[in-house]
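As provided, final12.cif (mmCIF, C-alpha atoms) reads as follows.
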```cif
data_protein
#
loop_
_atom_site.label_atom_id
_atom_site.label_comp_id
_atom_site.auth_asym_id
_atom_site.auth_seq_id
_atom_site.Cartn_x
_atom_site.Cartn_y
_atom_site.Cartn_z
CA MET G 1447 122.44 87.20 118.23
CA THR G 1448 123.62 85.56 115.00
CA HIS G 1449 121.36 83.44 112.80
CA PHE G 1450 123.69 80.52 113.52
CA SER G 1451 122.84 80.84 117.22
CA LYS G 1452 119.13 81.01 116.47
CA ASN G 1453 119.37 77.84 114.42
CA ILE G 1454 121.11 76.03 117.26
CA ARG G 1455 118.41 77.14 119.66
CA SER G 1456 115.63 75.85 117.42
CA ASN G 1457 116.92 72.69 115.74
CA GLY G 1458 117.18 70.59 118.88
CA ASP G 1459 120.15 68.64 117.57
CA SER G 1460 122.58 70.24 120.02
CA VAL G 1461 124.75 67.15 120.55
CA LEU G 1462 125.53 66.86 116.83
CA VAL G 1463 126.29 70.57 116.59
CA MET G 1464 128.47 70.40 119.70
CA ASN G 1465 130.48 67.49 118.31
CA LYS G 1466 131.03 69.19 114.96
CA ILE G 1467 132.10 72.48 116.49
CA PHE G 1468 134.33 70.84 119.07
CA SER G 1469 136.05 68.71 116.43
CA ALA G 1470 136.69 71.80 114.30
CA LEU G 1471 137.88 73.76 117.34
CA THR G 1472 140.37 71.04 118.21
CA GLU G 1473 141.71 70.89 114.66
CA CYS G 1474 141.88 74.65 114.15
CA ALA G 1475 143.55 75.21 117.53
CA ALA G 1476 146.34 72.82 116.54
CA GLU G 1477 146.69 74.56 113.18
CA ALA G 1478 146.71 78.00 114.84
CA GLY G 1479 149.56 76.89 117.07
CA ARG G 1480 151.51 75.69 114.05
CA VAL G 1481 150.97 78.98 112.22
CA ALA G 1482 151.90 81.02 115.30
CA ARG G 1483 155.20 79.17 115.58
CA GLY G 1484 155.90 80.07 111.96
CA VAL G 1485 155.68 83.85 112.52
CA ARG G 1486 159.15 85.40 112.46
CA PRO G 1487 159.99 88.44 114.62
CA ASP G 1488 160.90 90.48 111.52
CA GLN G 1489 157.36 89.97 110.17
CA LEU G 1490 155.55 91.59 113.09
CA SER G 1491 155.53 95.07 111.55
CA GLY G 1492 154.26 93.85 108.19
CA PRO G 1493 150.80 94.38 106.62
CA THR G 1494 147.91 91.97 106.92
CA PRO G 1495 144.60 91.31 105.11
CA CYS G 1496 142.98 93.26 107.99
CA ALA G 1497 143.94 96.76 106.86
CA GLU G 1498 143.66 98.25 110.35
CA PHE G 1499 146.16 95.78 111.80
CA ASP G 1500 149.82 95.08 111.23
CA VAL G 1501 150.95 91.54 112.06
CA ARG G 1502 151.74 92.40 115.69
CA ALA G 1503 148.33 93.98 116.33
CA LEU G 1504 146.55 91.17 114.53
CA VAL G 1505 148.41 88.49 116.49
CA ASN G 1506 147.59 90.24 119.77
CA HIS G 1507 143.90 90.37 118.82
CA TRP G 1508 143.99 86.72 117.72
CA VAL G 1509 145.72 85.52 120.88
CA LEU G 1510 143.40 87.50 123.15
CA TYR G 1511 140.06 86.39 121.73
CA SER G 1512 140.78 82.98 120.22
CA SER G 1513 142.56 81.52 123.24
CA HIS G 1514 141.95 83.56 126.41
CA GLY G 1515 138.49 84.57 125.23
CA LEU G 1516 137.70 81.01 124.23
CA GLU G 1517 138.52 79.71 127.71
CA CYS G 1518 136.84 82.57 129.55
CA ARG G 1519 133.58 82.09 127.65
CA ALA G 1520 133.55 78.38 128.53
CA LEU G 1521 134.10 79.23 132.20
CA ARG G 1522 131.50 82.05 132.10
CA ARG G 1523 134.12 84.61 133.13
CA PRO G 1524 134.99 87.99 131.62
CA ILE G 1525 138.35 88.37 129.93
CA PRO G 1526 140.67 89.93 132.55
CA ASP G 1527 141.18 93.64 131.92
CA GLU G 1528 144.95 93.31 132.15
CA LEU G 1529 144.97 91.13 129.04
CA THR G 1530 143.20 93.55 126.74
CA ASP G 1531 146.20 95.85 126.28
CA ARG G 1532 148.93 93.23 126.57
CA ASP G 1533 151.48 92.85 123.79
CA PHE G 1534 151.68 89.08 123.76
CA THR G 1535 154.39 89.20 121.09
CA ALA G 1536 156.75 91.02 123.48
CA VAL G 1537 157.56 87.61 124.97
CA ALA G 1538 160.06 85.65 122.88
CA ASP G 1539 158.14 82.38 123.22
CA TRP G 1540 154.70 83.95 122.73
CA ALA G 1541 153.74 81.28 120.18
CA GLU G 1542 154.38 78.48 122.67
CA GLU G 1543 152.40 80.36 125.34
CA TYR G 1544 149.57 80.84 122.86
CA THR G 1545 149.59 77.13 121.99
CA ALA G 1546 149.45 76.19 125.67
CA GLN G 1547 146.57 78.62 126.25
CA LEU G 1548 144.71 77.19 123.25
CA ASP G 1549 145.10 73.72 124.77
CA ARG G 1550 143.57 74.96 128.03
CA ALA G 1551 140.72 76.61 126.17
CA VAL G 1552 139.90 73.51 124.15
CA ARG G 1553 139.98 71.39 127.31
CA ALA G 1554 137.51 73.79 128.92
CA TRP G 1555 135.09 73.15 126.04
CA SER G 1556 135.56 69.39 126.33
CA GLU G 1557 133.21 69.34 129.33
CA PRO G 1558 129.67 68.50 128.13
CA THR G 1559 128.07 70.79 130.71
CA VAL G 1560 129.86 73.80 129.17
CA TRP G 1561 127.62 73.47 126.12
CA GLU G 1562 124.44 73.74 128.16
CA GLY G 1563 122.46 76.94 128.54
CA GLU G 1564 123.54 80.38 127.43
CA ILE G 1565 126.57 82.61 127.83
CA ASP G 1566 126.38 86.29 128.73
CA LEU G 1567 128.70 88.21 126.41
CA GLY G 1568 128.07 91.54 128.08
CA TRP G 1569 126.31 92.94 125.02
CA ALA G 1570 124.10 89.91 124.30
CA THR G 1571 123.24 86.43 125.56
CA MET G 1572 123.77 83.51 123.21
CA PRO G 1573 123.47 79.71 123.35
CA ALA G 1574 126.81 78.23 124.36
CA ALA G 1575 127.21 76.40 121.05
CA GLY G 1576 126.62 79.67 119.22
CA VAL G 1577 129.40 81.32 121.19
CA ALA G 1578 131.72 78.40 120.46
CA GLY G 1579 130.88 78.68 116.77
CA MET G 1580 131.55 82.42 116.74
CA LEU G 1581 134.93 81.88 118.40
CA LEU G 1582 135.76 79.04 116.02
CA ALA G 1583 135.27 81.44 113.12
CA GLU G 1584 137.45 84.02 114.91
CA LEU G 1585 140.18 81.42 115.40
CA ALA G 1586 140.12 80.14 111.83
CA LEU G 1587 139.59 83.36 109.88
CA HIS G 1588 142.17 85.35 111.82
CA GLY G 1589 144.39 82.29 111.62
CA TRP G 1590 144.10 82.59 107.85
CA ASP G 1591 144.89 86.31 108.12
CA VAL G 1592 148.05 85.65 110.14
CA ALA G 1593 149.14 82.78 107.93
CA THR G 1594 148.60 84.76 104.73
CA ALA G 1595 150.42 87.81 106.08
CA THR G 1596 153.46 85.71 107.00
CA GLY G 1597 153.76 83.55 103.90
CA GLN G 1598 152.06 80.48 105.34
CA GLU G 1599 148.86 78.52 104.79
CA PHE G 1600 146.06 77.86 107.24
CA ARG G 1601 145.12 74.25 106.50
CA VAL G 1602 141.58 73.12 107.28
CA SER G 1603 140.00 69.74 106.60
CA GLU G 1604 136.87 69.62 104.49
CA GLY G 1605 134.77 68.71 107.53
CA SER G 1606 135.98 71.70 109.52
CA ALA G 1607 135.63 73.96 106.48
CA VAL G 1608 131.98 72.98 106.19
CA ILE G 1609 131.11 73.91 109.78
CA ILE G 1610 133.08 77.18 109.50
CA GLY G 1611 131.23 77.87 106.25
CA GLU G 1612 127.86 77.36 107.95
CA ILE G 1613 128.84 79.86 110.62
CA VAL G 1614 130.06 82.41 108.08
CA ALA G 1615 126.99 82.00 105.86
CA ALA G 1616 124.58 82.37 108.77
CA SER G 1617 126.29 85.40 110.26
CA ALA G 1618 127.85 87.28 107.31
CA GLU G 1619 125.11 89.84 106.68
CA GLU G 1620 124.75 90.65 110.37
CA TYR G 1621 128.53 91.01 110.70
CA ARG G 1622 128.62 93.26 107.64
CA ALA G 1623 125.97 95.49 109.19
CA TYR G 1624 128.37 96.06 112.10
CA SER G 1625 131.43 96.42 109.80
CA MET G 1626 132.90 93.19 111.14
CA PHE G 1627 132.97 91.68 107.62
CA ALA G 1628 133.59 93.46 104.32
CA ALA G 1629 131.59 92.73 101.18
CA ALA G 1630 131.99 89.19 99.89
CA VAL G 1631 134.79 88.72 97.36
CA GLU G 1632 134.09 86.88 94.12
CA ILE G 1633 135.93 83.59 93.80
CA ALA G 1634 135.82 80.69 91.37
CA ASP G 1635 133.40 77.88 92.15
CA SER G 1636 136.32 75.49 91.77
CA ALA G 1637 138.16 77.02 94.75
CA ASP G 1638 138.54 74.85 97.83
CA PRO G 1639 135.74 75.16 100.43
CA PHE G 1640 137.75 77.09 103.02
CA SER G 1641 138.89 79.65 100.43
CA ARG G 1642 135.25 80.17 99.45
CA TYR G 1643 134.32 80.85 103.07
CA VAL G 1644 137.29 83.19 103.46
CA ALA G 1645 135.97 85.12 100.44
CA ALA G 1646 132.42 85.10 101.85
CA SER G 1647 133.75 86.82 104.98
CA GLY G 1648 135.06 89.69 102.86
CA ARG G 1649 138.68 88.56 102.65
CA ASN G 1650 140.53 88.31 99.34
CA PRO G 1651 142.14 84.87 98.97
CA GLN G 1652 144.58 86.50 96.51
CA TRP G 1653 145.66 89.23 98.96
CA ALA G 1654 149.25 87.99 99.30
CA ALA G 1655 149.74 87.85 95.54
CA GLY G 1656 148.62 91.48 95.32
CA ILE G 1657 151.06 92.91 97.85
CA ARG G 1658 153.99 90.84 96.60
CA ALA G 1659 153.46 91.49 92.89
#
```

Have the structure of the file written as structure tokens, please.
Amino acid sequence: MTHFSKNIRSNGDSVLVMNKIFSALTECAAEAGRVARGVRPDQLSGPTPCAEFDVRALVNHWVLYSSHGLECRALRRPIPDELTDRDFTAVADWAEEYTAQLDRAVRAWSEPTVWEGEIDLGWATMPAAGVAGMLLAELALHGWDVATATGQEFRVSEGSAVIIGEIVAASAEEYRAYSMFAAAVEIADSADPFSRYVAASGRNPQWAAGIRA
């Protein structure tokens, strides 16, 4: 269980946390759809900031967990096995399908009762808001990965950047222990908030400049 989840369990201000996370989820889902529509077919074999993934593999991971996973967690259902090996990019209009699935996922989290209690992840049980926060970070950080790999930007408002930053800060060391985050990357204090949180997650905000130099 992440420290972010523990804080949600103990601070008692669940409605405020829910509203902040849901607002950021709604914004980042719309931005993810925009970025997905900007991925060209000829870019799918290219490199990404996630060294183990090319763009196709990264997009498939992103689509699976940030849209299907997001909805399934809200509904307390496992992700269907048939989705785990699917190449979502094999469909010409995969970006539109992803956007539609994101819309369904966000609607699932719009129900107040979804935020009550805990969600069984199979390997741990977490407060629902903690799960939503974890998936928000997945959506935004991998959204940044996809955008950066394909010559785009992932645009986040300051309000959403702050909540994502809280999630990253609370969970970074635990994620690093499980090799889910790399070591934090140094970045200027003058950088925008989202870039600082990208760097805190072990991503290099200057990655694109390096591979295109």

- Go through G:Leu1581, G:Ala1575, G:Ala1629, G:Cys1518 one by one, measure the shortest atom-to-atom distance of each to Ala1554 of chain G using only C-alpha atoms, and give the residue with the smallest value.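 Ranked by minimum distance to Ala1554 of chain G, first place goes to G:Cys1518.
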
- Item | Residues matched by the PyMOL selection byres ((chain G and resi 1641) around 10), written as a PyMOL selection string | chain G and resi 1590+1602+1607+1611+1633-1634+1636-1640+1642-1647+1649-1652

- Contact residues around Arg1483 of chain G with all atoms listed in the file at 10 Å, ignoring same-chain residues under 5 positions, as an MDAnalysis selection string: chainID G and resid 1477:1478 1539:1542 1544:1545

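Residue nearest Arg1522 of chain G within the list G:Ala1593, G:Val1560, G:Met1464, G:Leu1510: G:Val1560 [criterion: smallest interatomic distance, only C-alpha atoms].
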
- Do a neighbour search on segment 1501-1504 of chain G at 10 Å with all atoms listed in the file, toss out local chain neighbours closer than 4 positions, and write the hits as a VMD selection string. chain G and resid 1485 1487 1489 to 1497 1508 to 1510 1533 to 1536 1588 to 1589 1591 to 1593 1595 to 1596

- Message: Can you tell me which residues surround Ser1512 of chain G at a distance of at most 12 Å, considering all atoms listed in the file, apart from same-chain residues fewer than 2 positions away, and format the answer as a ChimeraX atom specification?
- Response: /G:1471,1474-1475,1478-1479,1504-1510,1514-1520,1525,1544-1545,1547-1552,1577-1589

Using C-alpha atoms, can you write the selected residues to a file as a compact mmCIF listing (two decimals), in the coordinates of the input?
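Once everything was written out, this is selection-v3.txt:
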```txt
# COMPACT_ATOMS: atom_id res chain seq x y z
CA LEU G 1471 137.88 73.76 117.34
CA CYS G 1474 141.88 74.65 114.15
CA ALA G 1475 143.55 75.21 117.53
CA ALA G 1478 146.71 78.00 114.84
CA GLY G 1479 149.56 76.89 117.07
CA LEU G 1504 146.55 91.17 114.53
CA VAL G 1505 148.41 88.49 116.49
CA ASN G 1506 147.59 90.24 119.77
CA HIS G 1507 143.90 90.37 118.82
CA TRP G 1508 143.99 86.72 117.72
CA VAL G 1509 145.72 85.52 120.88
CA LEU G 1510 143.40 87.50 123.15
CA HIS G 1514 141.95 83.56 126.41
CA GLY G 1515 138.49 84.57 125.23
CA LEU G 1516 137.70 81.01 124.23
CA GLU G 1517 138.52 79.71 127.71
CA CYS G 1518 136.84 82.57 129.55
CA ARG G 1519 133.58 82.09 127.65
CA ALA G 1520 133.55 78.38 128.53
CA ILE G 1525 138.35 88.37 129.93
CA TYR G 1544 149.57 80.84 122.86
CA THR G 1545 149.59 77.13 121.99
CA GLN G 1547 146.57 78.62 126.25
CA LEU G 1548 144.71 77.19 123.25
CA ASP G 1549 145.10 73.72 124.77
CA ARG G 1550 143.57 74.96 128.03
CA ALA G 1551 140.72 76.61 126.17
CA VAL G 1552 139.90 73.51 124.15
CA VAL G 1577 129.40 81.32 121.19
CA ALA G 1578 131.72 78.40 120.46
CA GLY G 1579 130.88 78.68 116.77
CA MET G 1580 131.55 82.42 116.74
CA LEU G 1581 134.93 81.88 118.40
CA LEU G 1582 135.76 79.04 116.02
CA ALA G 1583 135.27 81.44 113.12
CA GLU G 1584 137.45 84.02 114.91
CA LEU G 1585 140.18 81.42 115.40
CA ALA G 1586 140.12 80.14 111.83
CA LEU G 1587 139.59 83.36 109.88
CA HIS G 1588 142.17 85.35 111.82
CA GLY G 1589 144.39 82.29 111.62
```

- Tell me, in Å to one decimal, how far atom CA of Phe1468 of chain G is from atom CA of Trp1555 of chain G. 7.4 Å

- Can you list, as a list of chain:residue names, the residues that the PyMOL selection byres ((chain G and resi 1631) around 6) selects here?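 Those residues are G:Ala1630, G:Glu1632, G:Ala1645, G:Gly1648.
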
- Message: So the first atom is atom CA of Ser1513 of chain G and the second is atom CA of Gly1563 of chain G; what is the distance between them in Å, to one decimal place?
- Response: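 Computing the Euclidean distance for atom CA of Ser1513 of chain G and atom CA of Gly1563 of chain G yields 21.3 Å.
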
- Query: What gap, in Å, lies between atom CA of Tyr1511 of chain G and atom CA of Ala1538 of chain G?
  - Reply: 20.0 Å

- Take the PyMOL selection byres ((chain G and resi 1573) around 7), apply it to the structure above, and return the hits as a list in words.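 Checked against the file, the PyMOL selection byres ((chain G and resi 1573) around 7) matches Ser1451, Arg1455, Gly1563, Glu1564, Ile1565, Met1572, Ala1574, Ala1575, Gly1576 and Val1577 of chain G.
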
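Nearest-residue note for Trp1561 of chain G: choosing from G:Ile1467, G:Ala1628, G:Ala1654, G:Val1537, the minimum distance belongs to G:Ile1467, counting all atoms listed in the file.
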
With 4 Å added on each side, what axis-aligned box encloses every listed atom of segment 1495-1510 of chain G? Give the centre and edge lengths in Å to one decimal, as lines of an AutoDock Vina configuration file.
```
center_x = 147.4
center_y = 91.9
center_z = 114.1
size_x = 16.8
size_y = 20.7
size_z = 26.0
```
